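Engineer: Below is the structure I would like to discuss, written out as structure tokens.
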Amino acid sequence: MHLSEGILSLPILAGGGVVAVLGTAVGLKRLDYDHIIGTAMLSSAFFVASLIHVPLGPASIHLVLNGLIGILLGWASVPAIGIALLLQAFLFGYGGLTVLGVNIVIMAAPAVLVSLLFGRMIKKPGKQQMLGAFLAGATAILLSTILLALAMIGTDSSFIDTARLLLIAQLPLMLIEGTITMFVLSFLARVQPELLHLNSAPTP
Amino acid sequence: MISEPFAIGDSLLHRADPAVKITGALLLTLIIAVSSSLATPVAGLVLGLMLAAGARLPLGPLYKRLLAVNLFILLLWITLPLTGGGEAITPLGPLDLSSRGIELALLITFKTNGIVLILTALTATSSILEIGHSLERLHLPHKLILLLLTTYRYLGLIEQEYQRLRRSAALRCFSTSTNLHTYRTYGYLIGMTLIRSYDRSRRIHKAMLMRGFQGHFPLLALQATRPADLLLLLFFLACGTGLALLPVFW
């Protein structure tokens, strides 16, 4: 879910760029050299997730998983998502250099927010963990779509109907992302719980 | 599979310093992206076509890339002319075609395609490894570059692990449809991919440390800005000035 080049206006592009740089700086500061490997791994997982298409009725929809990245990485998800988006721009031509900042904000701000909101729920095992993971996955998509819509409407008010259409189209993705994030989390918690603490525990 | 179809070649742009190309790409795409008159994006598209021709980009992958980008543009062409507001030009059944909506959609179409062409001709003609190194020469933080190069290193790995699990699921007659079973299977597939990739990336990292990895991925060819690259930079600056001043004269 990102915007291509040439759509947004200067104030939105500049605002997104400034917020993205600040967020990346905070994320990098909190990321020490020992955790770069784990972060890079999740950054490429975020990239690969966008290539996974899950069926939805007669069509299919590709995953975003920024909620999952958020709860696994916290603040470090800003540089992780930023790098994945930069690579997508270079390798596929999706998005570009001028909208990179806005796209980072659209994807990473919800990731950080859900890690702050639901992080504690997810650390506890059991039903609460499942609920927290579902909410994190679904909320991240909802917030991303809202940010995307706001960026478009802030550029030109005639985008309002296009933005509304996008918002409605993303609603099923919200449920799917929530469900898949929940299953990924419950699987990780059972099989290799250390992955849930990538960002807090020192790597042995 | 993740590949870099444009990175191999021996055109002038392939041989140029990636740091100069990235600077030029950022400058030119920024000027095109923020322009509000139609003249700059049209000129930008022409420049993009010239650069793409100059870099002798393979046409197949280029068409594919442009097609993917233009899908979203298509959505804009479906919605904007009907909902764009402004003057109604001609009634279309119960709806009005709006002049402002069409103008906006036209502007975006030129901007997007021009920018994608310029970006492809200038940045996709270097490998990610070269781009990482030149970003470091452009004084981006070392941690970020390390993250970029390591992420790129793991991309193929993670995709491979995912495809392997996907194949083994297919061998066990997993077929997808819209139900909880499918989503649960995908969830476990992704979880398992993460675990395997994590273990594998840790092993690779340890092997790299044992062989003296100190946070730098060395390049075989030394990067440097040559006089020809300075000429290229001047060319980009001239193009940028031209693009920025075009609406004043036209």
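Ordered as shown in the structure tokens, chains take letters A, B, and onward, while each chain numbers its residues from 1 and ligands are numbered from 1 in the order shown.
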Using only C-alpha atoms, which chain B residues lie at most 8 Å away from chain A, written as JSON, numbers by chain?

Structural biologist: {"B": [2, 3, 4, 26, 29, 30, 32, 33, 34, 65, 69, 75, 76, 79, 80, 83, 84, 85, 101, 108, 109, 111, 112, 115, 116, 119, 120, 123, 124, 128, 143, 144, 146, 147, 148, 150, 151, 152, 154, 155, 158, 159, 176, 177, 178, 183, 184, 186, 187, 188, 190, 191, 192, 194, 195, 197, 198, 201, 202, 205]}

Engineer: Could you pull the residues within 9 Å of stretch 48-55 of chain B, counting only C-alpha atoms, minus those fewer than 5 positions along the same chain, as a short mmCIF file (atom, residue, chain, number, x, y, z; two decimals) with N, CA, C and O atoms, in the first residue's frame?

Structural biologist:
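Result saved to result_16.cif:
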```
data_model
loop_
_atom_site.label_atom_id
_atom_site.label_comp_id
_atom_site.auth_asym_id
_atom_site.auth_seq_id
_atom_site.Cartn_x
_atom_site.Cartn_y
_atom_site.Cartn_z
N PHE B 6 17.90 -4.37 -14.95
CA PHE B 6 18.48 -3.22 -15.64
C PHE B 6 19.94 -2.98 -15.27
O PHE B 6 20.61 -2.15 -15.86
N GLY B 9 24.89 -3.83 -18.05
CA GLY B 9 24.95 -3.11 -19.31
C GLY B 9 26.22 -2.30 -19.36
O GLY B 9 26.93 -2.18 -18.35
N ASP B 10 26.54 -1.76 -20.52
CA ASP B 10 27.78 -0.97 -20.58
C ASP B 10 27.53 0.40 -21.21
O ASP B 10 28.41 0.97 -21.83
N SER B 11 26.29 0.90 -21.06
CA SER B 11 26.02 2.24 -21.60
C SER B 11 26.74 3.28 -20.73
O SER B 11 27.26 2.97 -19.67
N LEU B 12 26.70 4.50 -21.23
CA LEU B 12 27.32 5.61 -20.50
C LEU B 12 26.76 5.71 -19.09
O LEU B 12 27.49 5.91 -18.11
N LEU B 13 25.42 5.51 -18.97
CA LEU B 13 24.79 5.65 -17.66
C LEU B 13 25.16 4.48 -16.74
O LEU B 13 25.24 4.65 -15.53
N HIS B 14 25.36 3.30 -17.31
CA HIS B 14 25.77 2.16 -16.48
C HIS B 14 27.15 2.40 -15.88
O HIS B 14 27.44 1.97 -14.77
N ALA B 43 7.97 17.72 -20.41
CA ALA B 43 9.40 17.74 -20.70
C ALA B 43 10.12 16.64 -19.92
O ALA B 43 11.06 16.01 -20.42
N ASN B 113 4.86 8.75 -15.04
CA ASN B 113 5.62 7.99 -16.04
C ASN B 113 7.01 8.59 -16.26
O ASN B 113 7.99 7.86 -16.38
N GLY B 114 7.07 9.93 -16.29
CA GLY B 114 8.37 10.57 -16.46
C GLY B 114 9.31 10.20 -15.33
O GLY B 114 10.47 9.83 -15.54
N ILE B 115 8.80 10.28 -14.09
CA ILE B 115 9.63 10.00 -12.93
C ILE B 115 10.09 8.55 -12.91
O ILE B 115 11.26 8.25 -12.64
N VAL B 116 9.18 7.63 -13.21
CA VAL B 116 9.57 6.21 -13.20
C VAL B 116 10.67 5.96 -14.24
O VAL B 116 11.64 5.25 -13.97
N LEU B 117 10.53 6.57 -15.42
CA LEU B 117 11.55 6.38 -16.46
C LEU B 117 12.90 6.93 -16.01
O LEU B 117 13.94 6.27 -16.15
N ILE B 118 12.90 8.14 -15.45
CA ILE B 118 14.16 8.75 -15.00
C ILE B 118 14.78 7.91 -13.89
O ILE B 118 15.98 7.59 -13.92
N LEU B 119 13.94 7.50 -12.94
CA LEU B 119 14.43 6.73 -11.80
C LEU B 119 15.02 5.39 -12.27
O LEU B 119 16.06 4.96 -11.79
N THR B 120 14.34 4.77 -13.22
CA THR B 120 14.84 3.48 -13.72
C THR B 120 16.15 3.67 -14.46
O THR B 120 17.11 2.92 -14.25
N ALA B 121 16.19 4.69 -15.33
CA ALA B 121 17.41 4.89 -16.12
C ALA B 121 18.59 5.26 -15.24
O ALA B 121 19.73 4.90 -15.53
N LEU B 122 18.33 5.98 -14.14
CA LEU B 122 19.44 6.47 -13.34
C LEU B 122 19.79 5.58 -12.14
O LEU B 122 20.97 5.45 -11.80
N THR B 125 20.21 1.25 -13.02
CA THR B 125 21.36 0.85 -13.82
C THR B 125 22.59 0.58 -12.96
O THR B 125 23.66 0.32 -13.49
#
```

Engineer: Quick one, how far is atom CA of B:Arg100 from atom CA of B:Ile73?

Structural biologist: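 Atom-to-atom, atom CA of B:Arg100 and atom CA of B:Ile73 are spaced 15.9 Å apart.
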
Engineer: Out of stretch 54-209 of chain B, which residues get alpha helix (DSSP H) from DSSP, as a PyMOL selection string?

Structural biologist: chain B and resi 54+59-83+99-123+128-137+142-171+180-209

Engineer: List every residue of stretch 74-242 of chain B that DSSP, applied to the backbone of this structure, places in strand (DSSP E or B), and write the result as a PyMOL selection string.

Structural biologist: chain B and resi 88-92+95-98

Engineer: Using only C-alpha atoms, which residue out of B:Gly44, B:Gly242, B:Leu82, B:Leu209 lies closest to B:Ala25?

Structural biologist: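 Under the stated criterion, the closest residue is B:Gly44.
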
Engineer: As an exercise, work out the distance from atom CA of A:Ile104 to atom CA of A:Ala20 in Å and give it to one decimal place.

Structural biologist: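 Between atom CA of A:Ile104 and atom CA of A:Ala20 the gap works out to 6.1 Å.
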
Engineer: Could you tell me how far atom CA of B:Leu107 lies from atom CA of B:Pro81, in Å and to one decimal?

Structural biologist: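 Atom CA of B:Leu107 sits 12.4 Å away from atom CA of B:Pro81.
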